[in-house]
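As provided, my_file12.cif (mmCIF, C-alpha atoms) reads as follows.
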```
data_data
#
loop_
_atom_site.label_atom_id
_atom_site.label_comp_id
_atom_site.auth_asym_id
_atom_site.auth_seq_id
_atom_site.Cartn_x
_atom_site.Cartn_y
_atom_site.Cartn_z
CA MET A 572 -7.26 -8.31 -23.39
CA ARG A 573 -9.26 -5.21 -22.50
CA ILE A 574 -7.66 -3.42 -19.55
CA ILE A 575 -9.35 -0.45 -17.84
CA ILE A 576 -6.83 1.99 -16.36
CA ALA A 577 -8.13 4.35 -13.67
CA GLY A 578 -6.13 7.57 -13.64
CA GLY A 579 -5.48 7.19 -17.35
CA HIS A 580 -3.55 10.45 -17.75
CA GLY A 581 -1.03 9.69 -15.02
CA LYS A 582 2.62 9.14 -15.85
CA ILE A 583 2.53 5.42 -15.09
CA ALA A 584 -0.85 5.00 -16.78
CA LEU A 585 0.29 6.59 -20.06
CA ARG A 586 3.36 4.36 -20.14
CA LEU A 587 1.16 1.34 -19.47
CA ALA A 588 -1.31 2.37 -22.18
CA ALA A 589 1.55 2.71 -24.66
CA ARG A 590 2.48 -0.92 -23.96
CA LEU A 591 -1.08 -2.24 -24.15
CA ARG A 592 -2.19 0.09 -26.97
CA GLU A 593 -5.62 -0.92 -28.35
CA GLY A 594 -6.08 -3.26 -25.40
CA ALA A 595 -6.18 -0.36 -22.94
CA VAL A 596 -8.95 2.04 -21.94
CA GLY A 597 -7.77 5.03 -19.91
CA LEU A 598 -10.28 6.79 -17.65
CA VAL A 599 -9.65 10.53 -17.48
CA ARG A 600 -11.36 13.27 -15.51
CA ASN A 601 -10.45 16.12 -17.85
CA PRO A 602 -11.67 15.96 -21.49
CA ALA A 603 -8.53 17.86 -22.48
CA HIS A 604 -6.51 14.73 -21.61
CA VAL A 605 -8.29 12.46 -24.08
CA ALA A 606 -5.87 13.23 -26.91
CA ASP A 607 -2.82 12.33 -24.79
CA VAL A 608 -4.30 8.92 -23.97
CA GLU A 609 -5.34 8.27 -27.56
CA ALA A 610 -1.83 9.20 -28.75
CA THR A 611 -0.58 6.03 -27.04
CA GLY A 612 -2.89 3.89 -29.17
CA ALA A 613 -5.34 3.34 -26.32
CA GLN A 614 -8.96 4.40 -25.99
CA ALA A 615 -9.93 7.19 -23.59
CA VAL A 616 -13.18 7.53 -21.63
CA VAL A 617 -14.08 10.64 -19.65
CA CYS A 618 -15.11 9.60 -16.14
CA ASP A 619 -14.63 11.59 -12.93
CA LEU A 620 -14.09 9.00 -10.21
CA GLU A 621 -14.84 11.56 -7.50
CA THR A 622 -18.41 12.05 -8.74
CA ALA A 623 -19.31 8.94 -10.76
CA SER A 624 -21.67 6.29 -9.40
CA THR A 625 -20.79 2.63 -9.05
CA GLU A 626 -23.23 1.72 -11.81
CA GLN A 627 -21.75 4.30 -14.20
CA VAL A 628 -18.27 2.89 -13.70
CA ALA A 629 -19.52 -0.71 -13.85
CA GLY A 630 -21.01 0.09 -17.25
CA ILE A 631 -17.54 1.03 -18.50
CA LEU A 632 -15.96 -2.06 -16.95
CA ARG A 633 -18.39 -4.65 -18.32
CA GLY A 634 -16.60 -7.00 -20.70
CA ALA A 635 -13.13 -6.00 -19.48
CA ASP A 636 -10.48 -8.53 -18.49
CA ALA A 637 -8.85 -6.49 -15.73
CA VAL A 638 -8.72 -3.18 -13.90
CA VAL A 639 -5.52 -1.29 -13.09
CA PHE A 640 -6.00 1.36 -10.44
CA ALA A 641 -3.33 3.97 -11.16
CA ALA A 642 -5.25 7.05 -10.04
CA GLY A 643 -3.96 9.51 -7.47
CA ALA A 644 -4.71 13.00 -6.29
CA GLY A 645 -1.25 14.05 -7.44
CA PRO A 646 1.30 16.65 -6.30
CA GLY A 647 -0.15 19.83 -4.89
CA SER A 648 -3.39 18.24 -3.70
CA GLY A 649 -4.44 18.51 -0.08
CA ALA A 650 -5.20 15.89 2.52
CA ALA A 651 -8.91 15.79 1.66
CA ARG A 652 -8.30 14.73 -1.95
CA LYS A 653 -5.82 12.06 -0.88
CA ASP A 654 -8.82 10.41 0.75
CA THR A 655 -11.37 10.99 -2.01
CA VAL A 656 -9.03 9.82 -4.81
CA ASP A 657 -6.35 7.52 -3.40
CA ARG A 658 -8.85 5.72 -1.18
CA GLY A 659 -12.35 6.63 -2.33
CA ALA A 660 -11.78 6.15 -6.06
CA SER A 661 -10.11 2.80 -5.41
CA VAL A 662 -13.11 1.63 -3.40
CA LEU A 663 -15.42 2.83 -6.19
CA MET A 664 -13.43 0.94 -8.84
CA ALA A 665 -13.44 -2.23 -6.75
CA ASP A 666 -17.19 -1.93 -6.17
CA ALA A 667 -17.72 -1.44 -9.90
CA ALA A 668 -15.44 -4.36 -10.76
CA GLU A 669 -17.47 -6.66 -8.52
CA ARG A 670 -20.73 -5.44 -10.07
CA ALA A 671 -19.37 -5.83 -13.61
CA GLY A 672 -17.91 -9.28 -12.97
CA VAL A 673 -14.29 -8.22 -13.56
CA ARG A 674 -12.17 -10.21 -11.10
CA ARG A 675 -8.58 -9.18 -11.96
CA PHE A 676 -7.64 -5.96 -10.16
CA ILE A 677 -4.15 -4.50 -9.88
CA GLN A 678 -3.77 -1.62 -7.46
CA ILE A 679 -0.82 0.76 -7.60
CA SER A 680 -0.09 1.70 -4.01
CA SER A 681 3.11 3.05 -2.45
CA MET A 682 6.00 1.86 -0.37
CA GLY A 683 5.20 2.93 3.17
CA ALA A 684 1.58 1.86 2.98
CA GLY A 685 0.54 -0.54 5.70
CA LYS A 686 2.79 1.15 8.28
CA PRO A 687 2.44 4.32 10.37
CA PRO A 688 4.07 7.31 8.62
CA ALA A 689 7.53 8.16 9.87
CA PRO A 690 7.57 10.82 12.62
CA GLY A 691 7.90 14.34 11.33
CA ARG A 692 6.17 13.80 7.99
CA ASP A 693 3.68 16.50 7.03
CA GLU A 694 -0.11 16.28 7.13
CA VAL A 695 -0.50 15.64 3.40
CA TRP A 696 1.98 12.74 3.34
CA THR A 697 0.34 11.25 6.42
CA ALA A 698 -3.07 11.49 4.72
CA TYR A 699 -1.64 9.94 1.55
CA ILE A 700 -0.22 6.91 3.36
CA ALA A 701 -3.43 6.53 5.39
CA ALA A 702 -5.48 6.61 2.17
CA LYS A 703 -3.27 4.04 0.42
CA THR A 704 -3.36 1.78 3.47
CA ALA A 705 -7.15 1.98 3.68
CA ALA A 706 -7.48 1.25 -0.05
CA GLU A 707 -5.27 -1.81 0.30
CA ASP A 708 -7.24 -3.05 3.31
CA ASP A 709 -10.51 -2.63 1.43
CA LEU A 710 -9.23 -4.57 -1.58
CA ARG A 711 -7.92 -7.49 0.47
CA ARG A 712 -11.40 -8.07 1.91
CA ARG A 713 -12.93 -8.56 -1.53
CA ASP A 714 -13.49 -11.66 -3.63
CA LEU A 715 -11.34 -10.31 -6.44
CA ALA A 716 -8.11 -11.60 -7.95
CA TRP A 717 -6.23 -8.57 -6.63
CA THR A 718 -2.54 -7.76 -6.68
CA ILE A 719 -1.14 -4.77 -4.81
CA LEU A 720 2.04 -3.16 -6.16
CA ARG A 721 3.99 -0.74 -3.95
CA PRO A 722 6.65 1.09 -6.01
CA GLY A 723 9.45 2.99 -4.36
CA ARG A 724 10.35 6.57 -5.26
CA LEU A 725 9.24 7.10 -8.87
CA THR A 726 11.57 8.59 -11.48
CA ASP A 727 11.33 9.49 -15.15
CA GLU A 728 14.65 7.82 -16.00
CA PRO A 729 14.54 5.31 -18.87
CA GLY A 730 13.52 1.85 -17.75
CA THR A 731 16.19 -0.83 -17.45
CA GLY A 732 13.94 -3.89 -17.25
CA LEU A 733 15.81 -4.90 -14.09
CA VAL A 734 14.05 -4.72 -10.73
CA ARG A 735 13.66 -6.09 -7.22
CA LEU A 736 10.12 -7.34 -6.57
CA ALA A 737 9.18 -9.04 -3.31
CA PRO A 738 6.77 -8.69 -0.38
CA GLU A 739 9.38 -6.43 1.23
CA VAL A 740 12.45 -4.77 -0.30
CA PRO A 741 14.82 -2.04 0.92
CA PRO A 742 13.77 1.54 0.13
CA GLY A 743 14.83 2.76 -3.27
CA ALA A 744 13.76 4.30 -6.56
CA VAL A 745 12.28 2.82 -9.72
CA PRO A 746 11.61 4.31 -13.18
CA ARG A 747 7.96 4.66 -14.13
CA ASP A 748 8.83 2.76 -17.33
CA ASP A 749 9.72 -0.28 -15.25
CA VAL A 750 6.58 0.04 -13.11
CA ALA A 751 4.49 -0.11 -16.29
CA ALA A 752 6.44 -3.13 -17.49
CA VAL A 753 5.89 -4.91 -14.17
CA ILE A 754 2.14 -4.25 -14.40
CA VAL A 755 2.04 -5.89 -17.84
CA ALA A 756 3.92 -8.89 -16.45
CA LEU A 757 1.50 -9.14 -13.52
CA LEU A 758 -1.45 -9.07 -15.91
CA ASP A 759 0.17 -11.93 -17.84
CA ASN A 760 0.73 -13.99 -14.67
CA PRO A 761 -2.55 -14.70 -12.84
CA GLY A 762 -0.63 -16.67 -10.21
CA THR A 763 0.42 -13.33 -8.71
CA ALA A 764 -3.14 -12.71 -7.44
CA HIS A 765 -3.61 -12.20 -3.71
CA ARG A 766 -0.05 -10.95 -3.33
CA THR A 767 1.39 -7.63 -2.18
CA TYR A 768 4.73 -6.66 -3.74
CA GLU A 769 7.19 -3.85 -3.17
CA LEU A 770 9.17 -2.70 -6.19
CA VAL A 771 12.48 -0.91 -6.70
CA SER A 772 15.22 -1.07 -9.30
CA GLY A 773 17.41 -4.14 -9.09
CA ASP A 774 19.32 -6.65 -11.15
CA THR A 775 16.74 -9.27 -12.17
CA PRO A 776 14.80 -9.16 -15.48
CA ILE A 777 11.14 -8.27 -14.90
CA VAL A 778 9.64 -11.27 -16.71
CA ASP A 779 11.83 -13.74 -14.84
CA LEU A 780 11.17 -12.13 -11.48
CA VAL A 781 7.38 -11.93 -11.86
CA ALA A 782 7.17 -15.53 -13.05
CA ALA A 783 9.24 -16.63 -10.05
CA SER A 784 6.96 -14.65 -7.71
CA GLU A 785 3.83 -16.65 -8.55
#
```
Could I get this structure in the form of structure tokens?
Amino acid sequence: MRIIIAGGHGKIALRLAARLREGAVGLVRNPAHVADVEATGAQAVVCDLETASTEQVAGILRGADAVVFAAGAGPGSGAARKDTVDRGASVLMADAAERAGVRRFIQISSMGAGKPPAPGRDEVWTAYIAAKTAAEDDLRRRDLAWTILRPGRLTDEPGTGLVRLAPEVPPGAVPRDDVAAVIVALLDNPGTAHRTYELVSGDTPIVDLVAASE
């Protein structure tokens, strides 16, 4: 399989690339990040999703088996970039996937998306949740084999391979290692298309849980 990963230098994306190795292509904005992606065994392509055209991105996607949208504006970014990256880049990738004929699309969202932000949250968090919600809504309207994954609070603890994955789960944390492993399992299980899942650590092996979620 050839999997295009948007946000290829992100912490989840690098873990995913390390699992997929030569089957992965990580899109990075900064040329200085190419070496980090290639160190996982994956290919890196420089592509700024805030300035690229749909046709440019479609050219990269042609011949791919799936897209994983793992891009995000990241810590320290303001409300404006939450919209241009967390929403706008997702819309661009979905447009390009349609143009390139790539139907499988896995979007990494966030727990809390799809609901109004809790009272008292700051402007940037509110913009982040609004952007993720809008990106999800856009994807659901498309004729793509999409799956939306909403992880809980992300940690850098070693993965356990044990999670809770369902349309709705209690709030909690999950290692980025396990998020990457779940993405691989979703890619291997096309019956999970047109589903939205929340994800936290749990007590069920990932492969068993994803297969049961089809």
- Query: Of the candidates A:Arg692, A:Gly659, A:Thr775, A:Ser681, which shows the shortest atom-to-atom distance to Thr622 in chain A, using only C-alpha atoms?
  - Reply: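 Among the listed residues, A:Gly659 lies closest to Thr622 in chain A.
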- Task: Run the PyMOL selection byres ((chain A and resi 729-745) around 8) on the file and write out the hits as a PyMOL selection string.
- Result: chain A and resi 682+722-728+746-750+752+766-777+780-781+784
- Quick one: everything within 12 Å of Leu710 in chain A, counting only C-alpha atoms, minus sequence neighbours fewer than 2 positions away in the same chain. Send it as number ranges by chain. A: 640, 658-666, 668-669, 674-680, 703-708, 712-719, 764-767
- Task: Have a look at CA of Val755 in chain A and CA of Arg652 in chain A and let me know their distance in Å, one decimal.
- Result: 28.0 Å
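The spacing separating CA of Val617 in chain A from CA of Val599 in chain A amounts to 4.9 Å.
Counting from CA of Val639 in chain A, the distance to CA of Asp693 in chain A is 28.4 Å.
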- With only C-alpha atoms as the basis for distance, which of A:Arg633, A:Thr625, A:Arg721, A:Ala689 is at the shortest distance from Ile754 in chain A? A:Arg721
- Item | Target residues per the PyMOL selection byres ((chain A and resi 574) around 7), formatted as JSON, numbers by chain | {"A": [572, 573, 575, 576, 594, 595, 596, 635, 636, 637, 638]}
- Near Val778 in chain A, counting only C-alpha atoms, which residues have an atom at most 8 Å away, once you skip same-chain residues fewer than 3 positions from it, shown as JSON, numbers by chain? {"A": [753, 756, 781, 782]}
Will you model N, CA and C atoms for range 663-681 of chain A and pass it back as a PDB file, in the coordinates of the input?
```pdb
ATOM      1  N   LEU A 663     -14.421   2.754  -5.118  1.00  0.00           N
ATOM      2  CA  LEU A 663     -15.420   2.830  -6.190  1.00  0.00           C
ATOM      3  C   LEU A 663     -15.082   1.861  -7.322  1.00  0.00           C
ATOM      4  N   MET A 664     -13.819   1.839  -7.748  1.00  0.00           N
ATOM      5  CA  MET A 664     -13.430   0.940  -8.840  1.00  0.00           C
ATOM      6  C   MET A 664     -13.598  -0.512  -8.443  1.00  0.00           C
ATOM      7  N   ALA A 665     -13.273  -0.843  -7.201  1.00  0.00           N
ATOM      8  CA  ALA A 665     -13.440  -2.230  -6.750  1.00  0.00           C
ATOM      9  C   ALA A 665     -14.919  -2.602  -6.674  1.00  0.00           C
ATOM     10  N   ASP A 666     -15.746  -1.688  -6.176  1.00  0.00           N
ATOM     11  CA  ASP A 666     -17.190  -1.930  -6.170  1.00  0.00           C
ATOM     12  C   ASP A 666     -17.702  -2.179  -7.589  1.00  0.00           C
ATOM     13  N   ALA A 667     -17.266  -1.327  -8.509  1.00  0.00           N
ATOM     14  CA  ALA A 667     -17.720  -1.440  -9.900  1.00  0.00           C
ATOM     15  C   ALA A 667     -17.210  -2.729 -10.541  1.00  0.00           C
ATOM     16  N   ALA A 668     -15.986  -3.122 -10.219  1.00  0.00           N
ATOM     17  CA  ALA A 668     -15.440  -4.360 -10.760  1.00  0.00           C
ATOM     18  C   ALA A 668     -16.267  -5.560 -10.303  1.00  0.00           C
ATOM     19  N   GLU A 669     -16.628  -5.571  -9.028  1.00  0.00           N
ATOM     20  CA  GLU A 669     -17.470  -6.660  -8.520  1.00  0.00           C
ATOM     21  C   GLU A 669     -18.816  -6.681  -9.243  1.00  0.00           C
ATOM     22  N   ARG A 670     -19.416  -5.512  -9.414  1.00  0.00           N
ATOM     23  CA  ARG A 670     -20.730  -5.440 -10.070  1.00  0.00           C
ATOM     24  C   ARG A 670     -20.644  -5.855 -11.525  1.00  0.00           C
ATOM     25  N   ALA A 671     -19.520  -5.527 -12.178  1.00  0.00           N
ATOM     26  CA  ALA A 671     -19.370  -5.830 -13.610  1.00  0.00           C
ATOM     27  C   ALA A 671     -18.827  -7.233 -13.855  1.00  0.00           C
ATOM     28  N   GLY A 672     -18.442  -7.934 -12.795  1.00  0.00           N
ATOM     29  CA  GLY A 672     -17.910  -9.280 -12.970  1.00  0.00           C
ATOM     30  C   GLY A 672     -16.480  -9.319 -13.465  1.00  0.00           C
ATOM     31  N   VAL A 673     -15.701  -8.268 -13.169  1.00  0.00           N
ATOM     32  CA  VAL A 673     -14.290  -8.220 -13.560  1.00  0.00           C
ATOM     33  C   VAL A 673     -13.455  -8.565 -12.326  1.00  0.00           C
ATOM     34  N   ARG A 674     -12.827  -9.727 -12.312  1.00  0.00           N
ATOM     35  CA  ARG A 674     -12.170 -10.210 -11.100  1.00  0.00           C
ATOM     36  C   ARG A 674     -10.722  -9.721 -10.956  1.00  0.00           C
ATOM     37  N   ARG A 675     -10.002  -9.556 -12.061  1.00  0.00           N
ATOM     38  CA  ARG A 675      -8.580  -9.180 -11.960  1.00  0.00           C
ATOM     39  C   ARG A 675      -8.464  -7.700 -11.674  1.00  0.00           C
ATOM     40  N   PHE A 676      -7.731  -7.356 -10.618  1.00  0.00           N
ATOM     41  CA  PHE A 676      -7.640  -5.960 -10.160  1.00  0.00           C
ATOM     42  C   PHE A 676      -6.225  -5.733  -9.650  1.00  0.00           C
ATOM     43  N   ILE A 677      -5.500  -4.855 -10.322  1.00  0.00           N
ATOM     44  CA  ILE A 677      -4.150  -4.500  -9.880  1.00  0.00           C
ATOM     45  C   ILE A 677      -4.177  -3.073  -9.354  1.00  0.00           C
ATOM     46  N   GLN A 678      -3.742  -2.925  -8.125  1.00  0.00           N
ATOM     47  CA  GLN A 678      -3.770  -1.620  -7.460  1.00  0.00           C
ATOM     48  C   GLN A 678      -2.350  -1.097  -7.302  1.00  0.00           C
ATOM     49  N   ILE A 679      -2.114   0.116  -7.791  1.00  0.00           N
ATOM     50  CA  ILE A 679      -0.820   0.760  -7.600  1.00  0.00           C
ATOM     51  C   ILE A 679      -0.886   1.533  -6.289  1.00  0.00           C
ATOM     52  N   SER A 680      -0.106   1.092  -5.337  1.00  0.00           N
ATOM     53  CA  SER A 680      -0.090   1.700  -4.010  1.00  0.00           C
ATOM     54  C   SER A 680       1.238   2.445  -3.840  1.00  0.00           C
ATOM     55  N   SER A 681       1.859   2.336  -2.701  1.00  0.00           N
ATOM     56  CA  SER A 681       3.110   3.050  -2.450  1.00  0.00           C
ATOM     57  C   SER A 681       3.880   2.336  -1.352  1.00  0.00           C
TER      58      SER A 681
END
```
